[in-house]
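For reference, start-v1.txt is printed below; it contains compact mmCIF, N, CA, C and O atoms.
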```
# COMPACT_ATOMS: atom_id res chain seq x y z
N VAL A 29 0.82 -1.19 0.00
CA VAL A 29 0.00 0.00 0.00
C VAL A 29 0.86 1.25 0.00
O VAL A 29 0.56 2.21 -0.69
N ASP A 30 1.94 1.22 0.75
CA ASP A 30 2.75 2.43 0.86
C ASP A 30 3.71 2.63 -0.30
O ASP A 30 4.49 3.57 -0.32
N GLN A 31 3.62 1.77 -1.32
CA GLN A 31 4.53 1.85 -2.46
C GLN A 31 3.98 2.65 -3.64
O GLN A 31 4.73 3.00 -4.55
N THR A 32 2.68 2.92 -3.64
CA THR A 32 2.09 3.66 -4.76
C THR A 32 1.29 4.85 -4.24
O THR A 32 0.86 4.87 -3.08
N ASP A 33 1.07 5.81 -5.11
CA ASP A 33 0.26 6.98 -4.73
C ASP A 33 -1.17 6.56 -4.40
O ASP A 33 -1.77 7.04 -3.44
N GLU A 34 -1.71 5.63 -5.20
CA GLU A 34 -3.07 5.14 -4.95
C GLU A 34 -3.14 4.44 -3.59
O GLU A 34 -4.09 4.62 -2.84
N GLY A 35 -2.14 3.64 -3.29
CA GLY A 35 -2.09 2.95 -2.01
C GLY A 35 -1.99 3.92 -0.84
O GLY A 35 -2.62 3.72 0.20
N LYS A 36 -1.21 4.95 -1.01
CA LYS A 36 -1.07 5.96 0.04
C LYS A 36 -2.39 6.69 0.27
O LYS A 36 -2.75 6.99 1.41
N ARG A 37 -3.13 6.97 -0.80
CA ARG A 37 -4.45 7.61 -0.65
C ARG A 37 -5.41 6.67 0.06
O ARG A 37 -6.18 7.08 0.92
N PHE A 38 -5.35 5.40 -0.29
CA PHE A 38 -6.19 4.39 0.35
C PHE A 38 -5.88 4.33 1.84
O PHE A 38 -6.79 4.34 2.68
N GLU A 39 -4.61 4.29 2.18
CA GLU A 39 -4.20 4.24 3.58
C GLU A 39 -4.66 5.50 4.32
O GLU A 39 -5.14 5.42 5.46
N ALA A 40 -4.57 6.65 3.69
CA ALA A 40 -5.02 7.90 4.30
C ALA A 40 -6.54 7.86 4.55
O ALA A 40 -7.01 8.30 5.61
N ASP A 41 -7.28 7.32 3.60
CA ASP A 41 -8.73 7.19 3.77
C ASP A 41 -9.06 6.28 4.95
O ASP A 41 -9.96 6.57 5.74
N LEU A 42 -8.31 5.17 5.07
CA LEU A 42 -8.55 4.24 6.17
C LEU A 42 -8.25 4.89 7.52
O LEU A 42 -9.00 4.73 8.48
N LYS A 43 -7.16 5.63 7.57
CA LYS A 43 -6.80 6.32 8.81
C LYS A 43 -7.84 7.38 9.15
O LYS A 43 -8.18 7.56 10.32
N ALA A 44 -8.36 8.07 8.14
CA ALA A 44 -9.40 9.07 8.37
C ALA A 44 -10.68 8.41 8.91
O ALA A 44 -11.45 9.03 9.64
N ALA A 45 -10.88 7.14 8.56
CA ALA A 45 -12.05 6.40 9.03
C ALA A 45 -11.83 5.80 10.42
O ALA A 45 -12.73 5.16 10.96
N GLY A 46 -10.63 5.98 10.98
CA GLY A 46 -10.38 5.52 12.35
C GLY A 46 -9.50 4.30 12.49
O GLY A 46 -9.25 3.84 13.60
N PHE A 47 -9.02 3.76 11.38
CA PHE A 47 -8.13 2.61 11.45
C PHE A 47 -6.68 3.09 11.56
O PHE A 47 -6.30 4.06 10.91
N ASN A 48 -5.89 2.38 12.36
CA ASN A 48 -4.48 2.76 12.52
C ASN A 48 -3.61 2.26 11.38
O ASN A 48 -2.63 2.89 11.02
N THR A 49 -3.97 1.09 10.83
CA THR A 49 -3.17 0.47 9.77
C THR A 49 -4.10 -0.22 8.77
O THR A 49 -5.27 -0.48 9.06
N VAL A 50 -3.54 -0.53 7.62
CA VAL A 50 -4.29 -1.30 6.62
C VAL A 50 -4.59 -2.69 7.17
O VAL A 50 -5.68 -3.23 6.95
N ASP A 51 -3.65 -3.28 7.90
CA ASP A 51 -3.88 -4.60 8.49
C ASP A 51 -5.06 -4.58 9.45
O ASP A 51 -5.88 -5.51 9.47
N GLU A 52 -5.17 -3.53 10.25
CA GLU A 52 -6.28 -3.41 11.20
C GLU A 52 -7.61 -3.34 10.43
O GLU A 52 -8.59 -3.98 10.81
N TRP A 53 -7.64 -2.58 9.36
CA TRP A 53 -8.83 -2.49 8.52
C TRP A 53 -9.15 -3.86 7.93
O TRP A 53 -10.31 -4.29 7.91
N ASN A 54 -8.13 -4.56 7.44
CA ASN A 54 -8.33 -5.87 6.82
C ASN A 54 -8.93 -6.86 7.82
O ASN A 54 -9.83 -7.63 7.46
N VAL A 55 -8.45 -6.86 9.06
CA VAL A 55 -9.00 -7.75 10.09
C VAL A 55 -10.48 -7.42 10.32
O VAL A 55 -11.32 -8.32 10.43
N ALA A 56 -10.80 -6.13 10.38
CA ALA A 56 -12.19 -5.72 10.61
C ALA A 56 -13.09 -6.18 9.46
O ALA A 56 -14.16 -6.74 9.69
N VAL A 57 -12.65 -5.96 8.24
CA VAL A 57 -13.45 -6.35 7.08
C VAL A 57 -13.60 -7.88 7.02
O VAL A 57 -14.69 -8.40 6.76
N THR A 58 -12.55 -8.60 7.30
CA THR A 58 -12.61 -10.06 7.30
C THR A 58 -13.56 -10.56 8.38
O THR A 58 -14.36 -11.47 8.13
N SER A 59 -13.48 -9.98 9.56
CA SER A 59 -14.37 -10.39 10.66
C SER A 59 -15.83 -10.13 10.31
O SER A 59 -16.69 -10.99 10.53
N VAL A 60 -16.11 -8.97 9.74
CA VAL A 60 -17.48 -8.65 9.34
C VAL A 60 -17.92 -9.60 8.24
O VAL A 60 -19.05 -10.10 8.25
N SER A 61 -17.04 -9.89 7.31
CA SER A 61 -17.37 -10.79 6.21
C SER A 61 -17.72 -12.18 6.71
O SER A 61 -18.71 -12.79 6.28
N PHE A 62 -16.90 -12.72 7.63
CA PHE A 62 -17.19 -14.05 8.20
C PHE A 62 -18.53 -14.04 8.92
O PHE A 62 -19.34 -14.96 8.77
N ALA A 63 -18.77 -13.01 9.73
CA ALA A 63 -20.03 -12.94 10.47
C ALA A 63 -21.21 -12.79 9.53
O ALA A 63 -22.26 -13.42 9.71
N TYR A 64 -21.06 -11.97 8.48
CA TYR A 64 -22.13 -11.79 7.51
C TYR A 64 -22.44 -13.12 6.81
O TYR A 64 -23.60 -13.50 6.68
N SER A 65 -21.41 -13.84 6.40
CA SER A 65 -21.61 -15.14 5.76
C SER A 65 -22.26 -16.14 6.70
O SER A 65 -23.09 -16.94 6.30
N ALA A 66 -21.86 -16.09 7.97
CA ALA A 66 -22.43 -17.00 8.95
C ALA A 66 -23.93 -16.78 9.08
O ALA A 66 -24.70 -17.72 9.23
N ILE A 67 -24.34 -15.52 9.00
CA ILE A 67 -25.76 -15.19 9.13
C ILE A 67 -26.52 -15.47 7.85
O ILE A 67 -27.57 -16.10 7.85
N THR A 68 -26.00 -15.02 6.72
CA THR A 68 -26.75 -15.10 5.47
C THR A 68 -26.62 -16.44 4.75
O THR A 68 -27.53 -16.86 4.05
N ASP A 69 -25.49 -17.11 4.92
CA ASP A 69 -25.26 -18.37 4.21
C ASP A 69 -25.24 -19.59 5.12
O ASP A 69 -24.91 -20.68 4.68
N ASN A 70 -25.54 -19.39 6.40
CA ASN A 70 -25.49 -20.45 7.39
C ASN A 70 -24.12 -21.12 7.40
O ASN A 70 -23.99 -22.34 7.50
N LEU A 71 -23.09 -20.32 7.30
CA LEU A 71 -21.71 -20.79 7.26
C LEU A 71 -21.32 -21.55 8.52
O LEU A 71 -20.59 -22.53 8.45
N THR A 72 -21.83 -21.13 9.66
CA THR A 72 -21.45 -21.77 10.92
C THR A 72 -21.81 -23.25 10.92
O THR A 72 -21.01 -24.08 11.33
N ASP A 73 -23.01 -23.58 10.44
CA ASP A 73 -23.42 -24.99 10.40
C ASP A 73 -22.51 -25.79 9.48
O ASP A 73 -22.13 -26.92 9.79
N ASP A 74 -22.17 -25.22 8.34
CA ASP A 74 -21.29 -25.90 7.39
C ASP A 74 -19.92 -26.16 8.01
O ASP A 74 -19.38 -27.26 7.91
N LEU A 75 -19.36 -25.15 8.68
CA LEU A 75 -18.06 -25.30 9.32
C LEU A 75 -18.12 -26.32 10.45
O LEU A 75 -17.21 -27.13 10.63
N THR A 76 -19.19 -26.28 11.22
CA THR A 76 -19.36 -27.24 12.32
C THR A 76 -19.43 -28.66 11.78
O THR A 76 -18.83 -29.59 12.35
N ASN A 77 -20.11 -28.85 10.65
CA ASN A 77 -20.18 -30.18 10.03
C ASN A 77 -18.81 -30.62 9.52
O ASN A 77 -18.44 -31.80 9.66
N GLN A 78 -18.05 -29.70 8.95
CA GLN A 78 -16.70 -30.04 8.49
C GLN A 78 -15.82 -30.45 9.66
O GLN A 78 -15.04 -31.41 9.55
N ILE A 79 -15.93 -29.76 10.77
CA ILE A 79 -15.15 -30.09 11.96
C ILE A 79 -15.51 -31.50 12.44
O ILE A 79 -14.63 -32.30 12.75
N ALA A 80 -16.81 -31.80 12.47
CA ALA A 80 -17.25 -33.13 12.91
C ALA A 80 -16.71 -34.22 11.99
O ALA A 80 -16.28 -35.29 12.47
N GLU A 81 -16.68 -33.97 10.69
CA GLU A 81 -16.16 -34.95 9.74
C GLU A 81 -14.67 -35.18 9.96
O GLU A 81 -14.19 -36.32 9.90
N ILE A 82 -13.93 -34.11 10.22
CA ILE A 82 -12.50 -34.24 10.46
C ILE A 82 -12.25 -35.03 11.75
O ILE A 82 -11.36 -35.89 11.80
N GLU A 83 -13.04 -34.74 12.79
CA GLU A 83 -12.87 -35.44 14.06
C GLU A 83 -13.10 -36.94 13.91
O GLU A 83 -12.44 -37.74 14.57
N LYS A 84 -14.01 -37.34 13.02
CA LYS A 84 -14.31 -38.75 12.80
C LYS A 84 -13.31 -39.45 11.89
O LYS A 84 -13.23 -40.67 11.88
N ASP A 85 -12.57 -38.68 11.13
CA ASP A 85 -11.65 -39.24 10.13
C ASP A 85 -10.50 -39.96 10.83
O ASP A 85 -9.73 -39.37 11.57
N THR A 86 -10.38 -41.25 10.59
CA THR A 86 -9.32 -42.05 11.22
C THR A 86 -8.04 -42.10 10.38
O THR A 86 -7.01 -42.57 10.86
N ALA A 87 -8.10 -41.60 9.15
CA ALA A 87 -6.93 -41.64 8.28
C ALA A 87 -5.99 -40.45 8.50
O ALA A 87 -4.83 -40.52 8.11
N LEU A 88 -6.47 -39.41 9.13
CA LEU A 88 -5.65 -38.21 9.36
C LEU A 88 -4.88 -38.32 10.67
O LEU A 88 -5.41 -38.80 11.67
N ALA A 89 -3.65 -37.85 10.64
CA ALA A 89 -2.85 -37.79 11.87
C ALA A 89 -3.47 -36.75 12.80
O ALA A 89 -4.03 -35.74 12.35
N GLN A 90 -3.34 -36.98 14.11
CA GLN A 90 -3.97 -36.09 15.08
C GLN A 90 -3.47 -34.65 14.97
O GLN A 90 -4.25 -33.72 15.07
N ASP A 91 -2.17 -34.46 14.73
CA ASP A 91 -1.66 -33.08 14.62
C ASP A 91 -2.27 -32.37 13.41
O ASP A 91 -2.56 -31.17 13.47
N MET A 92 -2.49 -33.10 12.32
CA MET A 92 -3.13 -32.51 11.14
C MET A 92 -4.59 -32.19 11.45
O MET A 92 -5.08 -31.11 11.09
N LYS A 93 -5.29 -33.10 12.12
CA LYS A 93 -6.67 -32.84 12.52
C LYS A 93 -6.75 -31.58 13.37
O LYS A 93 -7.60 -30.72 13.16
N ASP A 94 -5.86 -31.49 14.35
CA ASP A 94 -5.87 -30.34 15.25
C ASP A 94 -5.68 -29.03 14.49
O ASP A 94 -6.37 -28.05 14.76
N ARG A 95 -4.75 -29.02 13.55
CA ARG A 95 -4.51 -27.80 12.75
C ARG A 95 -5.71 -27.45 11.88
O ARG A 95 -6.09 -26.28 11.78
N MET A 96 -6.30 -28.46 11.25
CA MET A 96 -7.46 -28.22 10.40
C MET A 96 -8.65 -27.70 11.21
O MET A 96 -9.32 -26.75 10.81
N ILE A 97 -8.87 -28.33 12.36
CA ILE A 97 -9.99 -27.92 13.21
C ILE A 97 -9.77 -26.51 13.74
O ILE A 97 -10.69 -25.69 13.76
N LYS A 98 -8.55 -26.21 14.13
CA LYS A 98 -8.24 -24.86 14.62
C LYS A 98 -8.52 -23.82 13.54
O LYS A 98 -9.10 -22.76 13.80
N GLY A 99 -8.12 -24.11 12.31
CA GLY A 99 -8.36 -23.19 11.20
C GLY A 99 -9.84 -22.99 10.92
O GLY A 99 -10.29 -21.86 10.68
N LEU A 100 -10.60 -24.08 10.96
CA LEU A 100 -12.04 -23.96 10.72
C LEU A 100 -12.74 -23.21 11.85
O LEU A 100 -13.61 -22.38 11.61
N LYS A 101 -12.33 -23.49 13.09
CA LYS A 101 -12.94 -22.78 14.23
C LYS A 101 -12.66 -21.29 14.16
O LYS A 101 -13.50 -20.48 14.57
N ALA A 102 -11.51 -20.92 13.64
CA ALA A 102 -11.17 -19.50 13.53
C ALA A 102 -12.11 -18.78 12.55
O ALA A 102 -12.26 -17.56 12.61
N MET A 103 -12.74 -19.53 11.66
CA MET A 103 -13.65 -18.94 10.68
C MET A 103 -15.07 -18.79 11.22
O MET A 103 -15.91 -18.17 10.58
N ILE A 104 -15.33 -19.36 12.40
CA ILE A 104 -16.66 -19.25 12.99
C ILE A 104 -16.69 -17.98 13.84
O ILE A 104 -15.95 -17.86 14.81
N PRO A 105 -17.53 -17.02 13.47
CA PRO A 105 -17.56 -15.77 14.22
C PRO A 105 -18.18 -15.96 15.60
O PRO A 105 -19.00 -16.85 15.81
N SER A 106 -17.76 -15.11 16.51
CA SER A 106 -18.32 -15.14 17.86
C SER A 106 -19.78 -14.70 17.81
O SER A 106 -20.23 -14.06 16.86
N GLU A 107 -20.51 -15.05 18.86
CA GLU A 107 -21.90 -14.61 18.95
C GLU A 107 -21.97 -13.09 18.96
O GLU A 107 -22.87 -12.51 18.37
N ASN A 108 -21.01 -12.45 19.61
CA ASN A 108 -20.98 -10.99 19.64
C ASN A 108 -20.83 -10.43 18.23
O ASN A 108 -21.56 -9.51 17.85
N ASN A 109 -19.91 -10.98 17.45
CA ASN A 109 -19.74 -10.49 16.07
C ASN A 109 -21.00 -10.70 15.25
O ASN A 109 -21.40 -9.84 14.48
N LYS A 110 -21.65 -11.86 15.43
CA LYS A 110 -22.89 -12.11 14.70
C LYS A 110 -23.98 -11.13 15.11
O LYS A 110 -24.72 -10.63 14.27
N ASN A 111 -24.05 -10.82 16.42
CA ASN A 111 -25.06 -9.87 16.89
C ASN A 111 -24.81 -8.47 16.32
O ASN A 111 -25.75 -7.79 15.90
N VAL A 112 -23.55 -8.05 16.31
CA VAL A 112 -23.21 -6.74 15.77
C VAL A 112 -23.56 -6.68 14.28
O VAL A 112 -24.17 -5.71 13.81
N VAL A 113 -23.19 -7.70 13.54
CA VAL A 113 -23.47 -7.70 12.10
C VAL A 113 -24.97 -7.78 11.83
O VAL A 113 -25.48 -7.13 10.91
N GLN A 114 -25.71 -8.51 12.66
CA GLN A 114 -27.17 -8.57 12.48
C GLN A 114 -27.77 -7.18 12.66
O GLN A 114 -28.67 -6.77 11.90
N LYS A 115 -27.26 -6.42 13.61
CA LYS A 115 -27.75 -5.05 13.80
C LYS A 115 -27.42 -4.19 12.57
O LYS A 115 -28.22 -3.34 12.17
N LEU A 116 -26.25 -4.42 11.98
CA LEU A 116 -25.89 -3.69 10.76
C LEU A 116 -26.79 -4.09 9.59
O LEU A 116 -27.20 -3.24 8.80
N ILE A 117 -27.10 -5.38 9.50
CA ILE A 117 -28.00 -5.85 8.44
C ILE A 117 -29.37 -5.20 8.58
O ILE A 117 -30.00 -4.83 7.59
N ASP A 118 -29.82 -5.06 9.82
CA ASP A 118 -31.14 -4.48 10.08
C ASP A 118 -31.16 -2.97 9.90
O ASP A 118 -32.23 -2.37 9.83
N ASP A 119 -30.02 -2.33 9.82
CA ASP A 119 -29.92 -0.88 9.67
C ASP A 119 -29.84 -0.53 8.19
O ASP A 119 -28.88 -0.89 7.50
N PRO A 120 -30.83 0.19 7.65
CA PRO A 120 -30.82 0.52 6.22
C PRO A 120 -29.56 1.26 5.76
O PRO A 120 -29.18 1.15 4.60
N ALA A 121 -28.90 1.96 6.66
CA ALA A 121 -27.69 2.68 6.28
C ALA A 121 -26.54 1.74 5.94
O ALA A 121 -25.61 2.11 5.22
N TYR A 122 -26.59 0.51 6.44
CA TYR A 122 -25.50 -0.44 6.22
C TYR A 122 -25.89 -1.67 5.42
O TYR A 122 -25.03 -2.34 4.86
N SER A 123 -27.16 -2.00 5.35
CA SER A 123 -27.56 -3.27 4.74
C SER A 123 -27.10 -3.41 3.29
O SER A 123 -26.61 -4.47 2.89
N GLU A 124 -27.23 -2.37 2.49
CA GLU A 124 -26.80 -2.45 1.09
C GLU A 124 -25.28 -2.59 0.98
O GLU A 124 -24.77 -3.29 0.11
N LYS A 125 -24.56 -1.91 1.87
CA LYS A 125 -23.10 -2.00 1.85
C LYS A 125 -22.64 -3.41 2.20
O LYS A 125 -21.68 -3.92 1.62
N LEU A 126 -23.34 -4.04 3.15
CA LEU A 126 -22.97 -5.41 3.52
C LEU A 126 -23.19 -6.39 2.37
O LEU A 126 -22.45 -7.35 2.23
N LYS A 127 -24.20 -6.13 1.57
CA LYS A 127 -24.46 -7.02 0.43
C LYS A 127 -23.28 -7.04 -0.54
O LYS A 127 -23.08 -8.01 -1.26
N LEU A 128 -22.49 -5.98 -0.54
CA LEU A 128 -21.30 -5.94 -1.40
C LEU A 128 -20.30 -7.02 -1.00
O LEU A 128 -19.54 -7.52 -1.84
N LEU A 129 -20.27 -7.40 0.29
CA LEU A 129 -19.39 -8.47 0.73
C LEU A 129 -19.74 -9.78 0.01
O LEU A 129 -18.85 -10.51 -0.41
N ALA A 130 -21.01 -10.06 -0.12
CA ALA A 130 -21.45 -11.29 -0.80
C ALA A 130 -21.12 -11.22 -2.28
O ALA A 130 -20.72 -12.22 -2.88
N GLU A 131 -21.28 -10.05 -2.88
CA GLU A 131 -21.01 -9.91 -4.31
C GLU A 131 -19.54 -10.10 -4.63
O GLU A 131 -19.20 -10.62 -5.68
N GLU A 132 -18.65 -9.70 -3.71
CA GLU A 132 -17.22 -9.86 -3.96
C GLU A 132 -16.82 -11.33 -4.00
O GLU A 132 -15.89 -11.70 -4.68
N GLY A 133 -17.53 -12.17 -3.26
CA GLY A 133 -17.20 -13.58 -3.23
C GLY A 133 -17.68 -14.34 -4.45
O GLY A 133 -17.31 -15.48 -4.67
N GLU A 134 -18.54 -13.73 -5.24
CA GLU A 134 -19.11 -14.42 -6.41
C GLU A 134 -18.21 -14.31 -7.61
O GLU A 134 -17.40 -13.50 -7.77
```
Here is a file; write its structure as structure tokens.
Amino acid sequence: VDQTDEGKRFEADLKAAGFNTVDEWNVAVTSVSFAYSAITDNLTDDLTNQIAEIEKDTALAQDMKDRMIKGLKAMIPSENNKNVVQKLIDDPAYSEKLKLLAEEGE
């Protein structure tokens, strides 16, 4: 980001919006995206099913299972994040903006 004029403008916009770094902004957007997907696409159930399948798999080494499960659990948003995003979905000022998250994944 800091290597181009466009990147520097982007970083300045993010800082003006209250973020200290681009990484901080990225974590926020990713967290909102996971929570939005969990609510709109029932992602949590899918991830929970994947975790259960890995736990039952006898062909995988335990350390591999542990790493895979840890990664999948990290994608499940907290109840607090889901509650916050649900409030944003219910707010007309944010609902259309949140739909852009789904469009980017398509």
Could you name the residues that touch range 113-117 of chain A at 7 Å or less, counting only N, CA, C and O atoms, but leaving out those on the same chain fewer than 4 positions away, as a ChimeraX atom specification? /A:60,63-64,107-109,121-124,126
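In this model, the gap between CA of Pro105 in chain A and CA of Ser59 in chain A comes to 7.2 Å.
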May I ask for the distance between CA of Thr76 in chain A and atom C of Leu129 in chain A, given in Å to one decimal place?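 Distance reported for this atom pair: 21.4 Å.
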Would you please extract all helix (DSSP H, G or I) residues from chain A, as assigned by DSSP on the backbone, and give them as a PyMOL selection string? chain A and resi 33-44+50-68+71-84+90-102+107-118+120-133
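Taking CA of Ala102 in chain A and CA of Leu75 in chain A as the two end points, the separation is 9.9 Å.
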Determine, counting only C-alpha atoms, which protein, DNA and RNA residues have an atom within 10 Å of an atom of Glu52 in chain A; residues of the same chain fewer than 6 positions away are not included. Present the result as a list in words.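 Neighbouring residues, sequence-local ones excluded: Leu42, Gly46 and Thr58 of chain A.
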Listed atoms of range 65-73 of chain A boxed axis-aligned with 6 Å per side, centre + edges as AutoDock Vina command-line options:
```
--center_x -24.1 --center_y -20.4 --center_z 7.7 --size_x 19.0 --size_y 25.1 --size_z 19.3
```
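Neighbouring residues of Val29 in chain A at 12 Å or closer, counting only C-alpha atoms and skipping chain neighbours under 4 positions away, are Asp33, Glu34, Gly35, Lys36, Arg37, Phe38, Glu39, Ala40, Asp41, Leu42, Thr49, Val50 and Asp51 of chain A.
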